[in-house]
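Asks: Got a structure for you, questions after.
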Amino acid sequence: MRIPCPYCGARDAHEFAYLGDATLTRPDPAAADAADRFHDYVYLRDNPAGRHQEWWYHANGCRQWLRLTRDTRTHAIEAAEPARRDATQADMPGAAS
Amino acid sequence: MSRLNRNRLEAGGLIDRARPLDFVFDGHRYHGYAGDTLASALLANGVRLVGRSFKYHRPRGIFSAGAEEPNALVELRADARREPNSRATVTELFDGLEATSQNRWPSLGLDLLSLNRFLAPFLGAGFYYKTFMWPAAFWEKLYEPVIRRAAGLGRAAREADPDHYEKATAFCDVLVIGAGPAGLMAALAAGRSGARVILADEDFLPGGRLNTMAGEVHGQPAAAFAAHVAAELASLPNVRLMTRTTVFGVYDGGTYGALERVADHLAVPAPFQPRQRLWRIVARRALLAAGATERPIVFGGNDRPGVMLAGAVGTYVQRHAVLPGRHVALFANNDGAWREMLDAAATGANVETVVDVRPNVAPELVEAARARGIRVFTEARVIATQGRTLRSFDVLSPGGRERLAADTLAVSGGWSPCVHLTCHHGGKPAWNEALAAFVPGATPPGLAVAGAANGTFGLGAALREGAGKGAEAAGALGFPVPPLDVPQVEDAPFALTPFWHVGESRGPAFVDLQNDVTAKDVGIAHAEGFRSVEHLKRYTTLGMATDQGRTSNVTGLAIMASLTGASIPETGTTIFRPPYSPVALGALAGHHRGKDFRPVRLTPTHEWARAQGAVFVETGAWLRAQYFPRKGERDWLETVSREVKAVRASVGLIDVSTFGKIDLQGPDAGTLLDRVYINTFSTLAVGKARYGVMLREDGFVMDDGTTARVAPEHYVMTTTTANAAKVYQHLEFCLQVLWPELDVSLASVSEQWAQIAIAGPRSRQVLAKIVDTGVDVTNEGLPFMGAVEARVMGGVEARLFRLSFSGELGYEIAVPARSGAALAEALMQAGEEFAITPYGVEALGVMRIEKGHVSGNELSGQTTARDLGLGRMASTKKDYIGRVMASRPGLVDPARPCLAGFRPVNGSSRLRAGAHFLPLGARPETANDEGYMTSVAYSPHLGHWIGLGLIVRGPERIGERVRAYDPVRGEEFEVEICAPGFIDPEGERLRG
Ligand SMILES: [Zn+2]
């Protein structure tokens, strides 16, 4: 598989480390139901056949975390965005979460 | 020498008669020429019997002239280079080649195991499954050993492979797979546009069908035309022509796997050259032009040496100038095979008979055959053959049954496009009724197909399609494609009537020659209900041999279809998976073998330690000094004990550069550390260090280490050796994903700094001698857990940390890696008056166990901070990773095994890590398990073995005795639970 790193260009998947679902958000540790929410955050994962957002880390490259949109059936990669850009967008008023 | 090549034509062919080659087959010496394959050279010498079949040990000859060969498998080379199941048809002849027939005993001519044919009723379809139904003991003791000896293929070499294999990566715009007519034209069209082109072909000679056919292309002999195009391609700087290279797999993102046989055509690889090279080719577009494979018709005795694919007969005659026999006959269902035979006859083959299943054959073909004196049988079938190697065959025609002489029977049932690579992403081939063949269905992204692989069988059409698709690929990538003058070739109409199996056959009729699967076996599978193609394959093993059913899959499917009454596409298709051709494991491993499987890293003081006589040990990715034996020491224990005593009595030094070191800078560095460690770092004073523990988000301990604050916005973290990369990745995740608002920059500096620990009561005096003037290392100037930047050894920048893993007064001195060895030397010199002692990781381990520090054995990923006695470090004033999950009931259960120390009750027992704790008198059952010993050491300080371990409610049970049970070593002993610090529990030595 080739991953189009926005910093380094298309690179072989061997250069990357995989983490998993990139749609999860770390829960508020102060919330009343923090224990339940952390349980879901740590352990519960969907296993979609198709479009999937996931974290990949360019370990043997720029050392940036990327949010990939990948089809789990075909390995076709729709998008590869830096994690930090996510954050900047999330900070913008009106940004969808 | 040519007189010995009794089947060699005087002229013609693509062999070099000026370069004769010697080779040996089954101990006999033969001669061939450059340009021969082993198969063509054997045929030239009249060798027709080359092997015995897999199950029934039937005599077998050469069946094809290419990668599809099911029969002519030999052991190539000898001793350590012996390679079984090498296909003689694709083995390029070289001087001194040695080959041995396989699967025969005691000799090829007299094979006693051919008796297996009497066992045939037991070895038929499903024999594995049916035999299993008999008593199991019979299977294990009798059937399996016997069958394994009787059935099978060649013998692998018993010695280690002496050759080297390489891996390489290439990038191109257009990859063309196959250098036949379509591939050559495609590469030419794309190459002339300026695109970077790779043209790969498994043959040593580019040209494919152009090299095996009679006739002209573009006004010159077809092979000369191929050579002309190949020469132009070779001259283009943007084109790479890779011969002897098989593209075997299509992977994601336009990545292709290919195997280049760099030296398989030589007796041994040239000096410093690999035998084979495994390529990863990354291509923006690819074109599959792999041609087609001829398939046989199944009839009685169709496995007899001398029965051969019609195209193979043509190849041997035209390309190798070899007559496979003196009396040639053809059995076919299509016009193409007739033309092949007429061309062979024109070149010098003695074609005597043509048998065609069709009632009507194009009159011009029949006339041309009769004009050559060939007897023609239409609406006829071959039903049986005779001879050890073929002598005669029986024809059944409307005129009756007749026996005809022949030593070579060419067979053609049509052609199957080589669609293999198109299936590698799950695409299913589609049945084409007109061609009676599977053609490519959905192809992997970026891969197009041209020529015979696409079902475009006509030569002229293949040339045009190749040129067109090559231009299309380059054009789609934006390259300007100049018009290409494609040679005009008239294609005769494709005429074939599907015909698979002669129902009137006498004698076994083989579908899969390599796995000895007969038409009858397919019938048995049908009768027993194994009718889907996947069941058929597994039940009969059809198509599951090393040739992957290249000449048998479609035929087997067709026979099953005729039995069920369904159509071929209804019956199923076969899906091909990588690799297209077998790939040696050595090539997949490349240089990663033996010690190079995982290269080790050397510490900055490695050479110094070696000069000190160190014994080294691999710890994670590093090679570290394990201990430093001295003359007269009996064993490692004596050495390690001496090193420990020297440290505790005076001073010792050890390289600790392997710890991970991460540099954190920025206004929010303290905040980040507060969130990843369970304890607080934002309040740490500049110039101080603190031990920290970090958890995974699930609440278990991930890593530990010391982090120092060297400036208000600058921290230096150390991690364990094993987790350096993991912790770095984790910190980047925290910064980039969880809390991108934090302003912190990270850098891994593990390799940039050499770090040496000195420990022992004399360590301050040693340190004082190497620091530059003005550096204060007194107890006040550099107190316990102090961390300062300083200069040492006359101007070398350094960081001094007052830390201790051993429990003694200790320091760690970090200098730029290039100064690491000099630092070791300087410390040795400075410590000479105190008899400073280099020590290794064993002594380090002993001292940390004596001190009760946890290490990798305790940080197992299954322990919490509380389990390790570190629970009180956890801050309650802040959130940190793992905090919420660490408070789960199961993780705070007081009955969890917790860290404790252990000593043997009788004082002299050797403790064992891994031993499980049981209450005294309790039976050794899981229900009674209370935990286990994680680390043990012989303590020279105490004079007996000590251990650390995790035991239920450990800290509450100090003084209690339990049983340490070690069924692996068959030992057990009584131990007493104690506090996990065996030495200086108050820490006075550290602070003094
Ligand atoms: Zn990158």
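Each chain of the structure tokens is named A, B, ... in the order shown, its residues numbered from 1; ligands are numbered from 1 in display order.
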Using only C-alpha atoms, find each residue of range 31-52 of chain A with at least one atom at most 10 Å away from an atom of range 17-25 of chain A; report its shortest atom-to-atom pair and that distance in Å (one decimal), sort the rows by chain and rising residue number, and return the result as a tab-separated table.
Replies:
residue	atom	partner	partner_atom	distance
A:Phe38	CA	A:Thr25	CA	9.9
A:Asp40	CA	A:Leu24	CA	9.4
A:Tyr41	CA	A:Leu24	CA	6.7
A:Val42	CA	A:Leu24	CA	9.3
A:Leu44	CA	A:Leu24	CA	9.8
A:Arg45	CA	A:Asp21	CA	7.3
A:Asp46	CA	A:Asp21	CA	8.1
A:Asn47	CA	A:Asp21	CA	9.1
A:His52	CA	A:Asp21	CA	7.4
Asks: Restrict the distance test to only C-alpha atoms, flag each residue of chain B within 10 Å of chain A, and return the flagged residues as a VMD selection string.
Replies: chain B and resid 251 to 255 282 425 to 426 444 to 445 696 to 698 725 to 726 728 to 729 732 to 733 735 to 741 878 to 888
Asks: May I have the residues from that selection written out with C-alpha atoms, as a short mmCIF file (atom, residue, chain, number, x, y, z; two decimals), in the first residue's frame?
Replies:
data_model
loop_
_atom_site.label_atom_id
_atom_site.label_comp_id
_atom_site.auth_asym_id
_atom_site.auth_seq_id
_atom_site.Cartn_x
_atom_site.Cartn_y
_atom_site.Cartn_z
CA TYR B 251 -0.18 -5.19 -4.59
CA ASP B 252 -1.91 -2.03 -3.41
CA GLY B 253 -1.21 1.39 -4.79
CA GLY B 254 0.39 0.31 -8.06
CA THR B 255 3.05 -1.77 -6.35
CA VAL B 282 5.98 1.15 -8.08
CA HIS B 425 -7.17 -7.78 -6.25
CA GLY B 426 -10.04 -10.20 -6.28
CA PRO B 444 -6.57 -3.92 -10.30
CA PRO B 445 -6.55 -0.11 -10.49
CA ARG B 696 -1.39 3.66 28.66
CA GLU B 697 -4.90 5.01 28.34
CA ASP B 698 -6.19 1.65 29.61
CA ALA B 725 10.40 4.52 19.84
CA LYS B 726 7.01 3.67 21.30
CA TYR B 728 8.25 8.98 21.26
CA GLN B 729 5.34 7.99 19.01
CA GLU B 732 3.73 12.86 19.21
CA PHE B 733 0.21 11.44 19.30
CA LEU B 735 0.78 16.58 20.90
CA GLN B 736 -0.59 16.27 17.38
CA VAL B 737 -3.88 14.51 18.01
CA LEU B 738 -5.00 14.92 21.61
CA TRP B 739 -3.72 18.37 22.54
CA PRO B 740 -2.53 20.20 19.44
CA GLU B 741 -3.00 23.47 21.30
CA LYS B 878 -4.64 16.60 37.76
CA ASP B 879 -5.74 14.36 34.93
CA TYR B 880 -3.25 12.23 33.06
CA ILE B 881 -3.39 9.50 30.48
CA GLY B 882 -4.70 6.31 32.02
CA ARG B 883 -6.02 7.90 35.17
CA VAL B 884 -9.68 7.19 34.61
CA MET B 885 -9.18 3.62 33.49
CA ALA B 886 -6.64 2.88 36.25
CA SER B 887 -9.40 3.42 38.80
CA ARG B 888 -11.52 0.59 37.42
#
Asks: Counting only C-alpha atoms and all ligand atoms, which protein, DNA or RNA residues come within 6 Å of ligand 1, given as a list in words?
Replies: Cys5, Tyr7, Cys8, His58, Gly61 and Cys62 of chain A
Asks: Could you check how far CA of Val647 in chain B sits from CA of Ile849 in chain B, in Å to one decimal?
Replies: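 For CA of Val647 in chain B relative to CA of Ile849 in chain B, the distance reads 14.6 Å.
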Asks: Select from chain A everything DSSP, run on the backbone, classes as strand (DSSP E or B), then give the selection as a PyMOL selection string.
Replies: chain A and resi 2-5+9-12+17-21+51-57+65-71+77-82
Asks: Find the residues near Asp356 in chain B: any atom within 12 Å, counting only C-alpha atoms, skip ones fewer than 4 places away on the same chain, and give them as a PyMOL selection string.
Replies: chain B and resi 297+329-338+360-362+365-366+375-382+395-398+410-413+496-499+502
Asks: Determine the nearest neighbour of Gln862 in chain B from the options B:Phe700, B:Ala843, B:Glu960, B:Val239, counting only C-alpha atoms.
Replies: B:Phe700
Asks: List as number ranges by chain the protein and nucleic acid residues near Tyr715 in chain B, meaning an atom at most 12 Å away when only C-alpha atoms are counted, but skip any in the same chain fewer than 5 places from it.
Replies: B: 661-673, 681-682, 684-690, 706-710, 744-747, 787-788
Asks: If you keep C-alpha atoms, can you produce a file of those selected residues as a CSV table (one decimal), in the first residue's frame?
Replies:
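This is the output file again.csv:
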chain,number,residue,atom,x,y,z
B,661,LYS,CA,16.2,10.2,25.2
B,662,ILE,CA,13.6,12.7,24.2
B,663,ASP,CA,14.2,16.5,24.1
B,664,LEU,CA,11.1,18.5,24.9
B,665,GLN,CA,11.1,22.3,24.4
B,666,GLY,CA,8.4,25.0,24.5
B,667,PRO,CA,6.2,26.9,27.0
B,668,ASP,CA,3.8,23.9,27.4
B,669,ALA,CA,6.4,21.2,27.9
B,670,GLY,CA,5.7,20.9,31.6
B,671,THR,CA,1.9,20.7,30.9
B,672,LEU,CA,2.5,17.9,28.4
B,673,LEU,CA,4.6,15.9,30.9
B,681,PHE,CA,6.7,17.7,36.3
B,682,SER,CA,5.5,21.3,35.7
B,684,LEU,CA,10.0,20.5,39.0
B,685,ALA,CA,12.8,23.0,39.6
B,686,VAL,CA,15.2,23.8,36.9
B,687,GLY,CA,18.4,21.8,37.5
B,688,LYS,CA,16.5,18.9,39.0
B,689,ALA,CA,15.4,15.5,37.7
B,690,ARG,CA,12.4,13.3,38.7
B,706,THR,CA,13.8,10.0,34.7
B,707,THR,CA,13.0,13.4,33.2
B,708,ALA,CA,15.2,16.4,34.0
B,709,ARG,CA,14.4,20.1,33.6
B,710,VAL,CA,17.4,21.7,32.2
B,744,VAL,CA,5.9,21.9,22.5
B,745,SER,CA,8.6,20.6,20.1
B,746,LEU,CA,9.9,17.1,20.4
B,747,ALA,CA,13.1,15.6,19.2
B,787,ALA,CA,20.6,17.9,36.7
B,788,VAL,CA,23.0,20.5,35.3
Asks: Neighbouring residues of Gln752 in chain B were defined as those with any atom within 9 Å, considering only C-alpha atoms; residues of the same chain fewer than 6 positions away were excluded. Please report them as a PyMOL selection string.
Replies: chain B and resi 661+815-818
Asks: Go through A:Pro6, A:Thr69, A:Glu81, A:Pro27 one by one, measure the shortest atom-to-atom distance of each to Gln53 in chain A using only C-alpha atoms, and give the residue with the smallest value.
Replies: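 That would be A:Thr69, the residue with the smallest distance to Gln53 in chain A.
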Asks: Using only C-alpha atoms, which residues sit within 7 Å of Ala80 in chain B once same-chain residues fewer than 5 positions away are excluded, as a compact mmCIF listing (two decimals) with C-alpha atoms, in the first residue's frame?
Replies:
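Below is the file result09.txt, written as the result:
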# COMPACT_ATOMS: atom_id res chain seq x y z
CA ALA B 157 19.23 -29.02 -0.18
CA ARG B 158 20.22 -29.98 3.33
CA GLU B 159 22.89 -27.32 3.75
CA ALA B 160 22.37 -23.60 4.17
CA ASP B 161 21.94 -21.66 0.94
CA PRO B 162 25.37 -20.25 0.06
Asks: From a backbone DSSP assignment, name each residue in range 2-71 of chain A labelled helix (DSSP H, G or I), as an MDAnalysis selection string.
Replies: chainID A and resid 13:15 34:43
Asks: Write a file of the selected residues as a PDB file, in the first residue's frame, keeping N, CA and C atoms.
Replies:
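New file part.pdb:
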ATOM      1  N   ALA A  13       3.683   1.793   2.736  1.00  0.00           N
ATOM      2  CA  ALA A  13       3.033   1.651   4.042  1.00  0.00           C
ATOM      3  C   ALA A  13       3.994   1.139   5.114  1.00  0.00           C
ATOM      4  N   HIS A  14       5.083   0.469   4.697  1.00  0.00           N
ATOM      5  CA  HIS A  14       6.041  -0.038   5.688  1.00  0.00           C
ATOM      6  C   HIS A  14       6.659   1.078   6.524  1.00  0.00           C
ATOM      7  N   GLU A  15       6.620   2.313   6.021  1.00  0.00           N
ATOM      8  CA  GLU A  15       7.226   3.418   6.760  1.00  0.00           C
ATOM      9  C   GLU A  15       6.308   3.927   7.867  1.00  0.00           C
ATOM     10  N   ALA A  34     -17.413   9.649  33.157  1.00  0.00           N
ATOM     11  CA  ALA A  34     -16.105   9.495  32.518  1.00  0.00           C
ATOM     12  C   ALA A  34     -15.693   8.026  32.422  1.00  0.00           C
ATOM     13  N   ALA A  35     -15.976   7.258  33.447  1.00  0.00           N
ATOM     14  CA  ALA A  35     -15.532   5.855  33.439  1.00  0.00           C
ATOM     15  C   ALA A  35     -16.147   5.108  32.264  1.00  0.00           C
ATOM     16  N   ASP A  36     -17.461   5.296  32.053  1.00  0.00           N
ATOM     17  CA  ASP A  36     -18.123   4.607  30.931  1.00  0.00           C
ATOM     18  C   ASP A  36     -17.592   5.106  29.594  1.00  0.00           C
ATOM     19  N   ARG A  37     -17.436   6.412  29.526  1.00  0.00           N
ATOM     20  CA  ARG A  37     -17.015   6.974  28.243  1.00  0.00           C
ATOM     21  C   ARG A  37     -15.586   6.564  27.897  1.00  0.00           C
ATOM     22  N   PHE A  38     -14.732   6.502  28.906  1.00  0.00           N
ATOM     23  CA  PHE A  38     -13.369   6.046  28.641  1.00  0.00           C
ATOM     24  C   PHE A  38     -13.352   4.569  28.243  1.00  0.00           C
ATOM     25  N   HIS A  39     -14.234   3.804  28.849  1.00  0.00           N
ATOM     26  CA  HIS A  39     -14.307   2.393  28.469  1.00  0.00           C
ATOM     27  C   HIS A  39     -14.597   2.277  26.974  1.00  0.00           C
ATOM     28  N   ASP A  40     -15.591   3.035  26.503  1.00  0.00           N
ATOM     29  CA  ASP A  40     -15.935   2.985  25.079  1.00  0.00           C
ATOM     30  C   ASP A  40     -14.766   3.488  24.226  1.00  0.00           C
ATOM     31  N   TYR A  41     -14.146   4.561  24.680  1.00  0.00           N
ATOM     32  CA  TYR A  41     -13.050   5.178  23.929  1.00  0.00           C
ATOM     33  C   TYR A  41     -11.867   4.216  23.788  1.00  0.00           C
ATOM     34  N   VAL A  42     -11.591   3.484  24.857  1.00  0.00           N
ATOM     35  CA  VAL A  42     -10.422   2.598  24.829  1.00  0.00           C
ATOM     36  C   VAL A  42     -10.729   1.284  24.118  1.00  0.00           C
ATOM     37  N   TYR A  43     -11.925   0.742  24.311  1.00  0.00           N
ATOM     38  CA  TYR A  43     -12.158  -0.632  23.858  1.00  0.00           C
ATOM     39  C   TYR A  43     -13.110  -0.798  22.680  1.00  0.00           C
TER      40      TYR A  43
END
Asks: Give me the residues near Gly46 in chain B as an mmCIF file with N, CA, C and O atoms, in the first residue's frame, where near means some atom within 12 Å (using only C-alpha atoms) and where sequence neighbours in that chain fewer than 6 positions away do not count.
Replies:
data_model
loop_
_atom_site.group_PDB
_atom_site.id
_atom_site.type_symbol
_atom_site.label_atom_id
_atom_site.label_comp_id
_atom_site.auth_asym_id
_atom_site.auth_seq_id
_atom_site.Cartn_x
_atom_site.Cartn_y
_atom_site.Cartn_z
ATOM 1 N N ARG B 3 27.041 -33.518 -33.906
ATOM 2 C CA ARG B 3 26.652 -34.871 -34.283
ATOM 3 C C ARG B 3 25.957 -35.572 -33.108
ATOM 4 O O ARG B 3 25.130 -36.454 -33.297
ATOM 5 N N LEU B 4 26.307 -35.133 -31.871
ATOM 6 C CA LEU B 4 25.660 -35.742 -30.719
ATOM 7 C C LEU B 4 24.257 -35.186 -30.514
ATOM 8 O O LEU B 4 23.419 -35.800 -29.895
ATOM 9 N N ASN B 5 24.020 -33.977 -31.022
ATOM 10 C CA ASN B 5 22.679 -33.401 -30.958
ATOM 11 C C ASN B 5 21.874 -33.989 -32.100
ATOM 12 O O ASN B 5 21.609 -33.341 -33.100
ATOM 13 N N ARG B 6 21.485 -35.250 -31.930
ATOM 14 C CA ARG B 6 20.934 -35.919 -33.102
ATOM 15 C C ARG B 6 19.597 -35.360 -33.550
ATOM 16 O O ARG B 6 19.197 -35.590 -34.675
ATOM 17 N N ASN B 7 18.930 -34.615 -32.675
ATOM 18 C CA ASN B 7 17.651 -34.034 -33.079
ATOM 19 C C ASN B 7 17.761 -32.553 -33.414
ATOM 20 O O ASN B 7 16.767 -31.846 -33.432
ATOM 21 N N ARG B 8 18.996 -32.093 -33.649
ATOM 22 C CA ARG B 8 19.185 -30.664 -33.914
ATOM 23 C C ARG B 8 19.192 -30.415 -35.413
ATOM 24 O O ARG B 8 19.862 -31.125 -36.161
ATOM 25 N N TYR B 30 26.064 -34.373 -21.696
ATOM 26 C CA TYR B 30 25.435 -33.970 -22.958
ATOM 27 C C TYR B 30 25.970 -32.616 -23.382
ATOM 28 O O TYR B 30 26.680 -31.951 -22.637
ATOM 29 N N HIS B 31 25.555 -32.233 -24.603
ATOM 30 C CA HIS B 31 25.966 -30.925 -25.112
ATOM 31 C C HIS B 31 24.767 -30.162 -25.611
ATOM 32 O O HIS B 31 23.845 -30.743 -26.176
ATOM 33 N N GLY B 32 24.810 -28.860 -25.411
ATOM 34 C CA GLY B 32 23.784 -27.988 -25.970
ATOM 35 C C GLY B 32 24.461 -26.711 -26.429
ATOM 36 O O GLY B 32 25.686 -26.665 -26.579
ATOM 37 N N ALA B 39 15.406 -28.093 -21.253
ATOM 38 C CA ALA B 39 14.458 -28.951 -21.970
ATOM 39 C C ALA B 39 14.825 -29.069 -23.448
ATOM 40 O O ALA B 39 14.839 -30.169 -24.010
ATOM 41 N N SER B 40 15.133 -27.952 -24.081
ATOM 42 C CA SER B 40 15.450 -28.023 -25.517
ATOM 43 C C SER B 40 16.739 -28.803 -25.734
ATOM 44 O O SER B 40 16.871 -29.556 -26.707
ATOM 45 N N GLY B 61 7.644 -37.031 -19.648
ATOM 46 C CA GLY B 61 8.608 -36.324 -20.494
ATOM 47 C C GLY B 61 8.388 -34.829 -20.427
ATOM 48 O O GLY B 61 7.806 -34.319 -19.467
ATOM 49 N N ILE B 62 8.835 -34.157 -21.454
ATOM 50 C CA ILE B 62 8.699 -32.699 -21.518
ATOM 51 C C ILE B 62 7.372 -32.400 -22.197
ATOM 52 O O ILE B 62 7.102 -32.890 -23.288
ATOM 53 N N PRO B 305 5.560 -39.849 -22.255
ATOM 54 C CA PRO B 305 6.609 -38.984 -22.811
ATOM 55 C C PRO B 305 6.527 -38.982 -24.338
ATOM 56 O O PRO B 305 6.491 -40.052 -24.956
ATOM 57 N N GLY B 306 6.496 -37.803 -24.918
ATOM 58 C CA GLY B 306 6.288 -37.667 -26.353
ATOM 59 C C GLY B 306 4.992 -36.938 -26.660
ATOM 60 O O GLY B 306 4.849 -36.368 -27.737
ATOM 61 N N VAL B 322 15.295 -27.662 -32.784
ATOM 62 C CA VAL B 322 15.295 -29.032 -32.278
ATOM 63 C C VAL B 322 14.021 -29.728 -32.753
ATOM 64 O O VAL B 322 12.936 -29.160 -32.674
ATOM 65 N N LEU B 323 14.183 -30.952 -33.261
ATOM 66 C CA LEU B 323 13.018 -31.762 -33.588
ATOM 67 C C LEU B 323 12.716 -32.630 -32.377
ATOM 68 O O LEU B 323 13.516 -33.476 -32.008
ATOM 69 N N PRO B 324 11.564 -32.411 -31.735
ATOM 70 C CA PRO B 324 11.269 -33.203 -30.540
ATOM 71 C C PRO B 324 11.129 -34.689 -30.865
ATOM 72 O O PRO B 324 11.188 -35.520 -29.958
ATOM 73 N N GLY B 325 10.922 -35.033 -32.145
ATOM 74 C CA GLY B 325 10.810 -36.446 -32.506
ATOM 75 C C GLY B 325 10.915 -36.586 -34.022
ATOM 76 O O GLY B 325 11.012 -35.592 -34.748
ATOM 77 N N ARG B 326 10.900 -37.845 -34.456
ATOM 78 C CA ARG B 326 11.055 -38.106 -35.888
ATOM 79 C C ARG B 326 9.723 -38.281 -36.599
ATOM 80 O O ARG B 326 9.621 -38.157 -37.809
ATOM 81 N N THR B 389 8.155 -44.647 -23.892
ATOM 82 C CA THR B 389 7.950 -43.321 -24.447
ATOM 83 C C THR B 389 7.123 -43.578 -25.696
ATOM 84 O O THR B 389 7.117 -44.699 -26.224
ATOM 85 N N ASP B 407 6.283 -40.757 -32.524
ATOM 86 C CA ASP B 407 7.039 -40.619 -31.279
ATOM 87 C C ASP B 407 6.762 -39.274 -30.633
ATOM 88 O O ASP B 407 7.182 -39.022 -29.511
ATOM 89 N N THR B 408 6.055 -38.402 -31.375
ATOM 90 C CA THR B 408 5.675 -37.117 -30.808
ATOM 91 C C THR B 408 4.231 -36.844 -31.179
ATOM 92 O O THR B 408 3.882 -36.882 -32.355
#
Asks: For a quick check of understanding, using only C-alpha atoms, which of B:Ala649, B:Val716, B:Val354, B:Ala263 has the smallest distance to Ala835 in chain B?
Replies: B:Ala649
Asks: With distances taken over only C-alpha atoms, which of B:Gly466, B:Pro59, B:Gly660, B:Pro269 is nearest to Arg388 in chain B?
Replies: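 Under the stated criterion, the closest residue is B:Pro59.
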